[in-house]
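Chemist: Have a peek at protein.pdb (PDB, C-alpha atoms).
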MODEL        1
ATOM      1  CA  MET A   1      -4.921  26.262   6.027  1.00  0.00           C
ATOM      2  CA  ASN A   2      -7.244  25.852   9.004  1.00  0.00           C
ATOM      3  CA  ARG A   3      -7.444  29.095  10.905  1.00  0.00           C
ATOM      4  CA  LYS A   4     -10.223  29.628  13.429  1.00  0.00           C
ATOM      5  CA  PRO A   5      -8.711  31.996  15.999  1.00  0.00           C
ATOM      6  CA  TYR A   6     -11.678  34.348  16.259  1.00  0.00           C
ATOM      7  CA  PHE A   7     -14.137  31.481  16.571  1.00  0.00           C
ATOM      8  CA  ILE A   8     -12.064  29.898  19.359  1.00  0.00           C
ATOM      9  CA  LEU A   9     -11.682  33.267  21.115  1.00  0.00           C
ATOM     10  CA  ILE A  10     -15.449  33.846  21.000  1.00  0.00           C
ATOM     11  CA  LEU A  11     -16.056  30.282  22.187  1.00  0.00           C
ATOM     12  CA  PHE A  12     -13.691  30.698  25.126  1.00  0.00           C
ATOM     13  CA  SER A  13     -15.318  34.036  26.031  1.00  0.00           C
ATOM     14  CA  PHE A  14     -18.685  32.281  25.961  1.00  0.00           C
ATOM     15  CA  LEU A  15     -17.345  29.551  28.252  1.00  0.00           C
ATOM     16  CA  LEU A  16     -15.778  32.161  30.490  1.00  0.00           C
ATOM     17  CA  PHE A  17     -18.847  34.274  31.087  1.00  0.00           C
ATOM     18  CA  THR A  18     -22.103  32.582  30.041  1.00  0.00           C
ATOM     19  CA  PRO A  19     -22.463  29.334  32.026  1.00  0.00           C
ATOM     20  CA  TRP A  20     -21.153  30.727  35.280  1.00  0.00           C
ATOM     21  CA  GLU A  21     -24.218  32.858  35.955  1.00  0.00           C
ATOM     22  CA  ALA A  22     -26.356  29.732  35.845  1.00  0.00           C
ATOM     23  CA  LEU A  23     -23.910  28.017  38.192  1.00  0.00           C
ATOM     24  CA  ALA A  24     -23.999  31.049  40.412  1.00  0.00           C
ATOM     25  CA  GLN A  25     -27.759  30.890  40.718  1.00  0.00           C
ATOM     26  CA  GLN A  26     -27.666  27.150  41.366  1.00  0.00           C
ATOM     27  CA  TYR A  27     -25.040  27.187  44.100  1.00  0.00           C
ATOM     28  CA  ARG A  28     -26.061  30.490  45.669  1.00  0.00           C
ATOM     29  CA  TYR A  29     -29.297  28.993  46.899  1.00  0.00           C
ATOM     30  CA  LYS A  30     -27.633  25.754  47.971  1.00  0.00           C
ATOM     31  CA  ARG A  31     -25.032  27.589  50.012  1.00  0.00           C
ATOM     32  CA  ASN A  32     -27.234  30.120  51.774  1.00  0.00           C
ATOM     33  CA  SER A  33     -27.675  27.725  54.699  1.00  0.00           C
ATOM     34  CA  LYS A  34     -24.469  25.725  54.273  1.00  0.00           C
ATOM     35  CA  SER A  35     -21.152  26.594  55.874  1.00  0.00           C
ATOM     36  CA  SER A  36     -17.712  25.249  55.090  1.00  0.00           C
ATOM     37  CA  MET A  37     -15.481  23.909  57.841  1.00  0.00           C
ATOM     38  CA  VAL A  38     -12.458  23.560  55.535  1.00  0.00           C
ATOM     39  CA  ARG A  39      -9.881  26.302  56.066  1.00  0.00           C
ATOM     40  CA  GLU A  40      -8.449  28.256  53.149  1.00  0.00           C
ATOM     41  CA  ARG A  41      -4.972  26.907  53.764  1.00  0.00           C
ATOM     42  CA  GLY A  42      -2.942  23.974  52.523  1.00  0.00           C
ATOM     43  CA  TRP A  43      -2.390  22.165  49.238  1.00  0.00           C
ATOM     44  CA  VAL A  44      -4.510  22.263  46.080  1.00  0.00           C
ATOM     45  CA  VAL A  45      -3.993  20.113  42.961  1.00  0.00           C
ATOM     46  CA  LEU A  46      -4.255  21.988  39.633  1.00  0.00           C
ATOM     47  CA  LEU A  47      -5.235  20.493  36.258  1.00  0.00           C
ATOM     48  CA  GLY A  48      -5.813  22.689  33.222  1.00  0.00           C
ATOM     49  CA  ALA A  49      -6.465  22.728  29.481  1.00  0.00           C
ATOM     50  CA  GLY A  50      -6.822  25.486  26.922  1.00  0.00           C
ATOM     51  CA  VAL A  51      -5.495  27.122  23.766  1.00  0.00           C
ATOM     52  CA  ALA A  52      -2.367  29.173  23.051  1.00  0.00           C
ATOM     53  CA  ALA A  53      -1.371  31.891  20.572  1.00  0.00           C
ATOM     54  CA  VAL A  54       2.065  33.319  19.781  1.00  0.00           C
ATOM     55  CA  ARG A  55       3.415  36.833  19.158  1.00  0.00           C
ATOM     56  CA  SER A  56       6.705  36.707  17.259  1.00  0.00           C
ATOM     57  CA  ASP A  57       8.649  38.293  14.403  1.00  0.00           C
ATOM     58  CA  ILE A  58       6.582  36.578  11.727  1.00  0.00           C
ATOM     59  CA  CYS A  59       3.232  36.814  13.491  1.00  0.00           C
ATOM     60  CA  GLY A  60       1.944  39.602  15.700  1.00  0.00           C
ATOM     61  CA  SER A  61      -1.837  39.235  15.363  1.00  0.00           C
ATOM     62  CA  TRP A  62      -4.696  36.728  15.559  1.00  0.00           C
ATOM     63  CA  GLY A  63      -4.951  36.412  11.773  1.00  0.00           C
ATOM     64  CA  CYS A  64      -1.655  34.579  11.306  1.00  0.00           C
ATOM     65  CA  ASN A  65      -1.891  32.305  14.345  1.00  0.00           C
ATOM     66  CA  GLU A  66      -2.482  28.582  14.272  1.00  0.00           C
ATOM     67  CA  LEU A  67      -3.896  28.201  17.769  1.00  0.00           C
ATOM     68  CA  GLY A  68      -2.425  25.222  19.569  1.00  0.00           C
ATOM     69  CA  PRO A  69      -3.356  23.178  22.624  1.00  0.00           C
ATOM     70  CA  ASN A  70      -2.245  23.776  26.192  1.00  0.00           C
ATOM     71  CA  VAL A  71      -2.331  21.314  29.080  1.00  0.00           C
ATOM     72  CA  SER A  72      -0.993  21.924  32.565  1.00  0.00           C
ATOM     73  CA  VAL A  73      -0.540  20.205  35.910  1.00  0.00           C
ATOM     74  CA  GLY A  74       0.682  21.613  39.182  1.00  0.00           C
ATOM     75  CA  GLY A  75       0.022  22.462  42.787  1.00  0.00           C
ATOM     76  CA  LEU A  76      -0.996  25.499  44.821  1.00  0.00           C
ATOM     77  CA  TYR A  77      -0.199  26.045  48.483  1.00  0.00           C
ATOM     78  CA  LYS A  78      -2.674  28.424  50.121  1.00  0.00           C
ATOM     79  CA  ILE A  79      -0.889  30.425  52.800  1.00  0.00           C
ATOM     80  CA  SER A  80      -3.961  32.513  53.630  1.00  0.00           C
ATOM     81  CA  PRO A  81      -7.411  33.295  52.153  1.00  0.00           C
ATOM     82  CA  TYR A  82      -5.683  36.041  50.142  1.00  0.00           C
ATOM     83  CA  PHE A  83      -2.313  34.601  49.121  1.00  0.00           C
ATOM     84  CA  GLY A  84      -0.760  31.421  47.772  1.00  0.00           C
ATOM     85  CA  LEU A  85       2.258  30.016  45.933  1.00  0.00           C
ATOM     86  CA  SER A  86       1.925  27.719  42.931  1.00  0.00           C
ATOM     87  CA  GLY A  87       4.174  25.595  40.754  1.00  0.00           C
ATOM     88  CA  THR A  88       3.070  24.321  37.332  1.00  0.00           C
ATOM     89  CA  ILE A  89       4.285  22.407  34.302  1.00  0.00           C
ATOM     90  CA  ASP A  90       2.691  23.484  31.013  1.00  0.00           C
ATOM     91  CA  TYR A  91       2.825  21.932  27.576  1.00  0.00           C
ATOM     92  CA  VAL A  92       2.096  24.413  24.771  1.00  0.00           C
ATOM     93  CA  LYS A  93       2.061  23.933  21.011  1.00  0.00           C
ATOM     94  CA  LEU A  94       2.603  27.209  19.147  1.00  0.00           C
ATOM     95  CA  GLY A  95       2.275  27.857  15.428  1.00  0.00           C
ATOM     96  CA  ALA A  96       1.893  30.688  12.927  1.00  0.00           C
ATOM     97  CA  VAL A  97       2.198  31.675   9.275  1.00  0.00           C
ATOM     98  CA  GLU A  98       4.080  34.752   8.115  1.00  0.00           C
ATOM     99  CA  LYS A  99       1.818  37.733   7.351  1.00  0.00           C
ATOM    100  CA  ASN A 100       4.388  40.468   6.743  1.00  0.00           C
ATOM    101  CA  PRO A 101       4.150  41.754   3.149  1.00  0.00           C
ATOM    102  CA  GLU A 102       7.255  43.908   3.650  1.00  0.00           C
ATOM    103  CA  ALA A 103       9.467  40.848   4.244  1.00  0.00           C
ATOM    104  CA  PRO A 104       7.938  37.835   2.497  1.00  0.00           C
ATOM    105  CA  LEU A 105       9.970  34.806   3.519  1.00  0.00           C
ATOM    106  CA  ASN A 106       7.340  32.112   2.871  1.00  0.00           C
ATOM    107  CA  LEU A 107       7.648  30.990   6.497  1.00  0.00           C
ATOM    108  CA  ALA A 108       5.457  29.014   8.838  1.00  0.00           C
ATOM    109  CA  PHE A 109       6.436  27.244  12.032  1.00  0.00           C
ATOM    110  CA  GLU A 110       5.374  24.927  14.816  1.00  0.00           C
ATOM    111  CA  SER A 111       7.007  24.974  18.233  1.00  0.00           C
ATOM    112  CA  GLN A 112       6.771  22.432  21.036  1.00  0.00           C
ATOM    113  CA  VAL A 113       7.166  24.179  24.397  1.00  0.00           C
ATOM    114  CA  LEU A 114       7.468  22.900  27.960  1.00  0.00           C
ATOM    115  CA  GLU A 115       7.225  25.552  30.658  1.00  0.00           C
ATOM    116  CA  PHE A 116       8.240  25.116  34.301  1.00  0.00           C
ATOM    117  CA  SER A 117       7.210  28.053  36.497  1.00  0.00           C
ATOM    118  CA  ALA A 118       6.500  29.183  40.050  1.00  0.00           C
ATOM    119  CA  SER A 119       3.985  31.954  40.735  1.00  0.00           C
ATOM    120  CA  ALA A 120       2.584  34.112  43.492  1.00  0.00           C
ATOM    121  CA  VAL A 121      -1.238  34.029  43.462  1.00  0.00           C
ATOM    122  CA  VAL A 122      -3.150  36.924  45.036  1.00  0.00           C
ATOM    123  CA  ASN A 123      -6.920  36.811  45.576  1.00  0.00           C
ATOM    124  CA  LEU A 124      -8.558  40.202  45.030  1.00  0.00           C
ATOM    125  CA  LEU A 125     -11.360  39.260  47.419  1.00  0.00           C
ATOM    126  CA  ASP A 126     -11.374  37.331  50.662  1.00  0.00           C
ATOM    127  CA  SER A 127     -12.250  33.688  49.999  1.00  0.00           C
ATOM    128  CA  TYR A 128     -14.837  33.904  52.790  1.00  0.00           C
ATOM    129  CA  ALA A 129     -18.065  35.891  52.656  1.00  0.00           C
ATOM    130  CA  GLY A 130     -18.505  38.783  55.068  1.00  0.00           C
ATOM    131  CA  SER A 131     -16.895  42.127  55.757  1.00  0.00           C
ATOM    132  CA  SER A 132     -13.657  43.217  57.388  1.00  0.00           C
ATOM    133  CA  ASN A 133     -15.405  43.272  60.779  1.00  0.00           C
ATOM    134  CA  TYR A 134     -17.099  39.913  60.368  1.00  0.00           C
ATOM    135  CA  ARG A 135     -15.935  36.805  58.525  1.00  0.00           C
ATOM    136  CA  SER A 136     -18.527  34.147  57.715  1.00  0.00           C
ATOM    137  CA  SER A 137     -17.661  30.466  57.565  1.00  0.00           C
ATOM    138  CA  ARG A 138     -19.412  30.421  54.194  1.00  0.00           C
ATOM    139  CA  LYS A 139     -17.114  30.408  51.154  1.00  0.00           C
ATOM    140  CA  ARG A 140     -17.465  33.121  48.519  1.00  0.00           C
ATOM    141  CA  LEU A 141     -18.834  31.801  45.209  1.00  0.00           C
ATOM    142  CA  ILE A 142     -16.564  33.848  42.904  1.00  0.00           C
ATOM    143  CA  VAL A 143     -13.049  35.016  43.764  1.00  0.00           C
ATOM    144  CA  PRO A 144     -11.026  36.980  41.173  1.00  0.00           C
ATOM    145  CA  TYR A 145      -7.264  36.546  41.361  1.00  0.00           C
ATOM    146  CA  ILE A 146      -4.031  37.598  39.692  1.00  0.00           C
ATOM    147  CA  ARG A 147      -0.742  35.740  39.351  1.00  0.00           C
ATOM    148  CA  ILE A 148       2.813  36.592  38.414  1.00  0.00           C
ATOM    149  CA  GLY A 149       5.664  34.136  38.213  1.00  0.00           C
ATOM    150  CA  LEU A 150       9.090  33.211  36.972  1.00  0.00           C
ATOM    151  CA  GLY A 151      10.265  30.099  35.181  1.00  0.00           C
ATOM    152  CA  ALA A 152      11.857  28.542  32.135  1.00  0.00           C
ATOM    153  CA  VAL A 153      10.718  27.292  28.732  1.00  0.00           C
ATOM    154  CA  TYR A 154      12.263  24.289  26.995  1.00  0.00           C
ATOM    155  CA  TYR A 155      11.375  24.599  23.322  1.00  0.00           C
ATOM    156  CA  THR A 156      11.941  23.083  19.870  1.00  0.00           C
ATOM    157  CA  PRO A 157      10.582  24.953  16.820  1.00  0.00           C
ATOM    158  CA  THR A 158      10.437  23.719  13.227  1.00  0.00           C
ATOM    159  CA  SER A 159      10.037  26.006  10.175  1.00  0.00           C
ATOM    160  CA  TYR A 160       8.445  24.995   6.876  1.00  0.00           C
ATOM    161  CA  PRO A 161       7.035  26.705   3.739  1.00  0.00           C
ATOM    162  CA  ALA A 162       3.942  28.806   4.390  1.00  0.00           C
ATOM    163  CA  ASN A 163       2.151  27.420   1.342  1.00  0.00           C
ATOM    164  CA  SER A 164       1.973  23.971   2.973  1.00  0.00           C
ATOM    165  CA  GLU A 165      -1.204  22.971   4.766  1.00  0.00           C
ATOM    166  CA  SER A 166       0.677  22.013   7.930  1.00  0.00           C
ATOM    167  CA  LEU A 167       4.032  20.713   9.148  1.00  0.00           C
ATOM    168  CA  ASP A 168       2.780  17.128   8.781  1.00  0.00           C
ATOM    169  CA  ASP A 169       1.860  17.755   5.141  1.00  0.00           C
ATOM    170  CA  SER A 170       5.036  19.643   4.257  1.00  0.00           C
ATOM    171  CA  GLN A 171       7.786  17.809   2.401  1.00  0.00           C
ATOM    172  CA  THR A 172      10.289  20.562   3.218  1.00  0.00           C
ATOM    173  CA  THR A 173      11.605  21.937   6.506  1.00  0.00           C
ATOM    174  CA  TYR A 174      14.092  24.744   6.962  1.00  0.00           C
ATOM    175  CA  ASP A 175      17.374  24.534   8.827  1.00  0.00           C
ATOM    176  CA  PRO A 176      17.287  25.411  12.533  1.00  0.00           C
ATOM    177  CA  ALA A 177      18.381  28.963  13.333  1.00  0.00           C
ATOM    178  CA  ARG A 178      20.244  27.683  16.398  1.00  0.00           C
ATOM    179  CA  LYS A 179      20.770  24.478  18.333  1.00  0.00           C
ATOM    180  CA  TYR A 180      17.541  22.950  19.702  1.00  0.00           C
ATOM    181  CA  PRO A 181      16.128  22.054  22.156  1.00  0.00           C
ATOM    182  CA  ALA A 182      16.860  25.406  23.793  1.00  0.00           C
ATOM    183  CA  ILE A 183      16.057  26.968  27.156  1.00  0.00           C
ATOM    184  CA  ALA A 184      14.954  30.520  27.972  1.00  0.00           C
ATOM    185  CA  ALA A 185      13.517  32.366  30.948  1.00  0.00           C
ATOM    186  CA  VAL A 186       9.815  33.221  31.058  1.00  0.00           C
ATOM    187  CA  VAL A 187       7.606  35.513  33.154  1.00  0.00           C
ATOM    188  CA  PRO A 188       3.928  34.428  33.190  1.00  0.00           C
ATOM    189  CA  VAL A 189       1.465  37.180  34.165  1.00  0.00           C
ATOM    190  CA  GLY A 190      -2.297  36.785  34.284  1.00  0.00           C
ATOM    191  CA  GLY A 191      -5.420  36.224  36.278  1.00  0.00           C
ATOM    192  CA  GLY A 192      -8.784  34.552  36.393  1.00  0.00           C
ATOM    193  CA  LEU A 193     -11.978  33.849  38.284  1.00  0.00           C
ATOM    194  CA  ARG A 194     -12.248  30.985  40.757  1.00  0.00           C
ATOM    195  CA  PHE A 195     -15.741  29.492  41.019  1.00  0.00           C
ATOM    196  CA  TYR A 196     -16.397  27.584  44.243  1.00  0.00           C
ATOM    197  CA  ILE A 197     -18.318  24.319  43.737  1.00  0.00           C
ATOM    198  CA  ASN A 198     -17.726  22.563  47.060  1.00  0.00           C
ATOM    199  CA  ASP A 199     -14.956  22.080  49.621  1.00  0.00           C
ATOM    200  CA  GLU A 200     -13.041  19.846  47.227  1.00  0.00           C
ATOM    201  CA  PHE A 201     -13.559  21.321  43.762  1.00  0.00           C
ATOM    202  CA  SER A 202     -13.342  24.723  42.111  1.00  0.00           C
ATOM    203  CA  ILE A 203     -13.163  25.786  38.454  1.00  0.00           C
ATOM    204  CA  ALA A 204     -11.043  28.725  37.298  1.00  0.00           C
ATOM    205  CA  PRO A 205     -11.067  30.203  33.772  1.00  0.00           C
ATOM    206  CA  GLU A 206      -7.701  31.943  33.387  1.00  0.00           C
ATOM    207  CA  LEU A 207      -5.872  34.184  30.895  1.00  0.00           C
ATOM    208  CA  THR A 208      -2.069  34.286  31.084  1.00  0.00           C
ATOM    209  CA  TYR A 209       0.546  36.138  29.033  1.00  0.00           C
ATOM    210  CA  HIS A 210       4.045  34.659  28.899  1.00  0.00           C
ATOM    211  CA  VAL A 211       6.988  37.003  28.270  1.00  0.00           C
ATOM    212  CA  THR A 212      10.173  35.143  27.296  1.00  0.00           C
ATOM    213  CA  THR A 213      13.825  36.105  26.915  1.00  0.00           C
ATOM    214  CA  THR A 214      14.228  34.346  23.553  1.00  0.00           C
ATOM    215  CA  ASP A 215      13.634  35.463  19.969  1.00  0.00           C
ATOM    216  CA  TYR A 216      13.689  31.904  18.614  1.00  0.00           C
ATOM    217  CA  LEU A 217      10.312  30.379  19.523  1.00  0.00           C
ATOM    218  CA  ASP A 218       9.499  30.737  15.812  1.00  0.00           C
ATOM    219  CA  ASN A 219      12.970  29.609  14.633  1.00  0.00           C
ATOM    220  CA  VAL A 220      13.553  33.153  13.313  1.00  0.00           C
ATOM    221  CA  GLY A 221      16.243  35.244  14.962  1.00  0.00           C
ATOM    222  CA  PRO A 222      16.624  39.039  15.027  1.00  0.00           C
ATOM    223  CA  MET A 223      19.220  39.059  12.242  1.00  0.00           C
ATOM    224  CA  LEU A 224      16.824  37.487   9.732  1.00  0.00           C
ATOM    225  CA  MET A 225      13.877  39.765  10.490  1.00  0.00           C
ATOM    226  CA  ASN A 226      15.857  42.854  11.554  1.00  0.00           C
ATOM    227  CA  GLY A 227      13.918  42.923  14.809  1.00  0.00           C
ATOM    228  CA  SER A 228      14.753  42.881  18.483  1.00  0.00           C
ATOM    229  CA  ARG A 229      11.380  41.948  19.977  1.00  0.00           C
ATOM    230  CA  ARG A 230      11.354  38.834  22.120  1.00  0.00           C
ATOM    231  CA  ASP A 231       8.807  36.136  21.361  1.00  0.00           C
ATOM    232  CA  GLU A 232       5.767  35.926  23.637  1.00  0.00           C
ATOM    233  CA  PHE A 233       2.624  33.827  23.851  1.00  0.00           C
ATOM    234  CA  GLY A 234      -0.765  33.903  25.514  1.00  0.00           C
ATOM    235  CA  VAL A 235      -2.819  31.058  26.980  1.00  0.00           C
ATOM    236  CA  ALA A 236      -6.562  30.910  27.622  1.00  0.00           C
ATOM    237  CA  SER A 237      -7.353  27.950  29.854  1.00  0.00           C
ATOM    238  CA  ILE A 238      -9.804  26.475  32.325  1.00  0.00           C
ATOM    239  CA  LYS A 239      -8.298  24.962  35.456  1.00  0.00           C
ATOM    240  CA  LEU A 240      -9.794  22.418  37.793  1.00  0.00           C
ATOM    241  CA  GLN A 241      -8.701  22.921  41.398  1.00  0.00           C
ATOM    242  CA  TYR A 242      -8.935  19.940  43.747  1.00  0.00           C
ATOM    243  CA  THR A 243      -8.469  20.368  47.483  1.00  0.00           C
ATOM    244  CA  PRO A 244      -7.969  17.054  49.329  1.00  0.00           C
ATOM    245  CA  VAL A 245     -10.294  16.953  52.331  1.00  0.00           C
ATOM    246  CA  LEU A 246      -9.194  14.511  55.023  1.00  0.00           C
ATOM    247  CA  LYS A 247     -12.057  13.034  57.018  1.00  0.00           C
ATOM    248  CA  ASN A 248     -11.466  11.200  60.252  1.00  0.00           C
ATOM    249  CA  LYS A 249     -14.137   8.501  60.480  1.00  0.00           C
ATOM    250  CA  LEU A 250     -12.596   6.667  63.427  1.00  0.00           C
ATOM    251  CA  PHE A 251     -14.614   8.481  66.074  1.00  0.00           C
ATOM    252  CA  SER A 252     -17.604   9.412  63.924  1.00  0.00           C
ATOM    253  CA  LYS A 253     -20.965   8.260  65.214  1.00  0.00           C
ATOM    254  CA  LYS A 254     -23.196   6.014  63.208  1.00  0.00           C
ATOM    255  CA  ASN A 255     -26.758   7.160  62.653  1.00  0.00           C
TER     256      ASN A 255
ENDMDL
END
As structure tokens, what does this structure read like?
Modeler:
Amino acid sequence: MNRKPYFILILFSFLLFTPWEALAQQYRYKRNSKSSMVRERGWVVLLGAGVAAVRSDICGSWGCNELGPNVSVGGLYKISPYFGLSGTIDYVKLGAVEKNPEAPLNLAFESQVLEFSASAVVNLLDSYAGSSNYRSSRKRLIVPYIRIGLGAVYYTPTSYPANSESLDDSQTTYDPARKYPAIAAVVPVGGGLRFYINDEFSIAPELTYHVTTTDYLDNVGPMLMNGSRRDEFGVASIKLQYTPVLKNKLFSKKN
């Protein structure tokens, strides 16, 4: 079975930290004499992609996870340089293989998840360079932020024997533990680093942990595993932020 969680984690960490210093050097010198006239208010379009891992009754570590893809789309409304409200739709594919020698059930699962959530986004630094007594019109290159939200997940899991290579290769699937698709509440909590490129584009590597109110993301309920822990999942993603900049060319002068 193809398991590369540690490799993907190391790769994402490399993407998160290594290239940005080069970008920082590149744009720092370009922006020393360049100011932005676009205010840190209004709408921003969000597009993201990444990987997801689950924590459930049959899998509570990296070793049993089959990391799945994550894609997201949404919008952010910046109320101030420090605060904004966002709404996103995420698709997540979760999967894992049982690694509990005390309760061998020969279980693996895949789960298709749609998440709809709204979040408060708080910048830990002012988006503009300068101090509390003086605010420059120059945008800050790196702005760390945190987010916490509330939403719902719409999910459909499928269980199959753990000795199969994958769900597609398995000739056997187990009965559903309840009626699917099902809906549960979710609380996404996380944060990231927003890298300013120009007035229109920013890139934000982000880590988010999603706490749900269901124990059936893995199609295994508490009665089967004698557990009461709710299923949760984490997402490591990179988001592209696009800010539409309206330019009025009607009265602009020609050179």
Chemist: Neighbouring residues of A:Val153 were defined as those with any atom within 12 Å, considering only C-alpha atoms; residues of the same chain fewer than 4 positions away were excluded. Please report them as an mmCIF file with C-alpha atoms, in the frame of the given file.
Modeler:
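Contents of the output file selection-v1.cif:
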data_model
loop_
_atom_site.group_PDB
_atom_site.id
_atom_site.type_symbol
_atom_site.label_atom_id
_atom_site.label_comp_id
_atom_site.auth_asym_id
_atom_site.auth_seq_id
_atom_site.Cartn_x
_atom_site.Cartn_y
_atom_site.Cartn_z
ATOM 1 C CA THR A 88 3.070 24.321 37.332
ATOM 2 C CA ILE A 89 4.285 22.407 34.302
ATOM 3 C CA ASP A 90 2.691 23.484 31.013
ATOM 4 C CA TYR A 91 2.825 21.932 27.576
ATOM 5 C CA VAL A 92 2.096 24.413 24.771
ATOM 6 C CA SER A 111 7.007 24.974 18.233
ATOM 7 C CA GLN A 112 6.771 22.432 21.036
ATOM 8 C CA VAL A 113 7.166 24.179 24.397
ATOM 9 C CA LEU A 114 7.468 22.900 27.960
ATOM 10 C CA GLU A 115 7.225 25.552 30.658
ATOM 11 C CA PHE A 116 8.240 25.116 34.301
ATOM 12 C CA SER A 117 7.210 28.053 36.497
ATOM 13 C CA PRO A 181 16.128 22.054 22.156
ATOM 14 C CA ALA A 182 16.860 25.406 23.793
ATOM 15 C CA ILE A 183 16.057 26.968 27.156
ATOM 16 C CA ALA A 184 14.954 30.520 27.972
ATOM 17 C CA ALA A 185 13.517 32.366 30.948
ATOM 18 C CA VAL A 186 9.815 33.221 31.058
ATOM 19 C CA VAL A 187 7.606 35.513 33.154
ATOM 20 C CA PRO A 188 3.928 34.428 33.190
ATOM 21 C CA HIS A 210 4.045 34.659 28.899
ATOM 22 C CA VAL A 211 6.988 37.003 28.270
ATOM 23 C CA THR A 212 10.173 35.143 27.296
ATOM 24 C CA THR A 213 13.825 36.105 26.915
ATOM 25 C CA THR A 214 14.228 34.346 23.553
ATOM 26 C CA TYR A 216 13.689 31.904 18.614
ATOM 27 C CA LEU A 217 10.312 30.379 19.523
ATOM 28 C CA ASP A 231 8.807 36.136 21.361
ATOM 29 C CA GLU A 232 5.767 35.926 23.637
ATOM 30 C CA PHE A 233 2.624 33.827 23.851
#
Chemist: Distance cut-off 10 Å, centre (0.4, 36.8, 41.0) in file coordinates, counting all atoms listed in the file: which residues qualify? Return them as a PyMOL selection string.
Modeler: chain A and resi 83-86+118-123+145-149+188-191
Chemist: List, as a list in words, every residue that the PyMOL selection byres ((chain A and resi 38-50) around 7) selects in the file provided.
Modeler: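 Applied to this file, the PyMOL selection byres ((chain A and resi 38-50) around 7) returns Ser36, Met37, Val51, Ala52, Pro69, Asn70, Val71, Ser72, Val73, Gly74, Gly75, Leu76, Tyr77, Lys78, Ile79, Ser80, Pro81, Asp199, Val235, Ala236, Ser237, Ile238, Lys239, Leu240, Gln241, Tyr242 and Thr243 of chain A.
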Chemist: From (-17.1, 28.8, 43.2), in the file's coordinates, out to 7 Å: which residues are reached, counting only C-alpha atoms? Answer as a PDB file with C-alpha atoms, keeping the file's coordinate frame.
Modeler:
ATOM      1  CA  ARG A 140     -17.465  33.121  48.519  1.00  0.00           C
ATOM      2  CA  LEU A 141     -18.834  31.801  45.209  1.00  0.00           C
ATOM      3  CA  ILE A 142     -16.564  33.848  42.904  1.00  0.00           C
ATOM      4  CA  ARG A 194     -12.248  30.985  40.757  1.00  0.00           C
ATOM      5  CA  PHE A 195     -15.741  29.492  41.019  1.00  0.00           C
ATOM      6  CA  TYR A 196     -16.397  27.584  44.243  1.00  0.00           C
ATOM      7  CA  ILE A 197     -18.318  24.319  43.737  1.00  0.00           C
ATOM      8  CA  SER A 202     -13.342  24.723  42.111  1.00  0.00           C
ATOM      9  CA  ILE A 203     -13.163  25.786  38.454  1.00  0.00           C
TER      10      ILE A 203
END
Chemist: Can you work out the spacing between atom CA of A:Asn65 and atom CA of A:Tyr155 in Å, to one decimal?
Modeler: 17.8 Å
Chemist: What gap, in Å, lies between atom CA of A:Arg178 and atom CA of A:Ala53?
Modeler: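 Taking atom CA of A:Arg178 as the start and atom CA of A:Ala53 as the end point, the length is 22.4 Å.
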Chemist: Between atom CA of A:Cys59 and atom CA of A:Ala96, what is the distance, to one decimal in Å?
Modeler: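 The value is 6.3 Å.
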Chemist: Give the centre and edge lengths of an axis-aligned box, in Å to one decimal, that holds all listed atoms of stretch 43-60 of chain A with 5 Å on each side, as JSON.
Modeler:
{"center_x": 0.9, "center_y": 29.9, "center_z": 30.5, "size_x": 25.5, "size_y": 29.5, "size_z": 47.5}
Chemist: Please enumerate the residues selected by the PyMOL selection byres ((chain A and resi 125) around 8) when evaluated against the supplied file, formatted as a ChimeraX atom specification.
Modeler: /A:82,123-124,126-127,143-145
Chemist: Selected residues, C-alpha atoms, written as a short mmCIF file (atom, residue, chain, number, x, y, z; two decimals), in the coordinates of the input, please.
Modeler:
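And here's result12.cif as it stands now:
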data_model
loop_
_atom_site.label_atom_id
_atom_site.label_comp_id
_atom_site.auth_asym_id
_atom_site.auth_seq_id
_atom_site.Cartn_x
_atom_site.Cartn_y
_atom_site.Cartn_z
CA TYR A 82 -5.68 36.04 50.14
CA ASN A 123 -6.92 36.81 45.58
CA LEU A 124 -8.56 40.20 45.03
CA ASP A 126 -11.37 37.33 50.66
CA SER A 127 -12.25 33.69 50.00
CA VAL A 143 -13.05 35.02 43.76
CA PRO A 144 -11.03 36.98 41.17
CA TYR A 145 -7.26 36.55 41.36
#
Chemist: So, with all atoms listed in the file as the atoms that count, which of A:Ser61, A:Asn219, A:Arg138, A:Val54 lies closest to A:Phe109?
Modeler: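 Going through A:Ser61, A:Asn219, A:Arg138, A:Val54 one by one, the smallest distance to A:Phe109 is for A:Asn219.
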Chemist: From the options A:Ala129, A:Leu150, A:Lys139, A:Gly63, which residue's atoms come nearest to A:Gly87, counting only C-alpha atoms?
Modeler: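 Among the listed residues, the smallest separation from A:Gly87 belongs to A:Leu150.
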Chemist: Write out as a tab-separated table (two decimals) with C-alpha atoms, keeping the file's coordinate frame which residues come within 7 Å of A:Ala108 when counting only C-alpha atoms, dropping same-chain ones fewer than 4 positions away.
Modeler:
chain	number	residue	atom	x	y	z
A	96	ALA	CA	1.89	30.69	12.93
A	97	VAL	CA	2.20	31.68	9.28
A	98	GLU	CA	4.08	34.75	8.12
A	159	SER	CA	10.04	26.01	10.18
A	160	TYR	CA	8.44	25.00	6.88
A	161	PRO	CA	7.04	26.70	3.74
A	162	ALA	CA	3.94	28.81	4.39
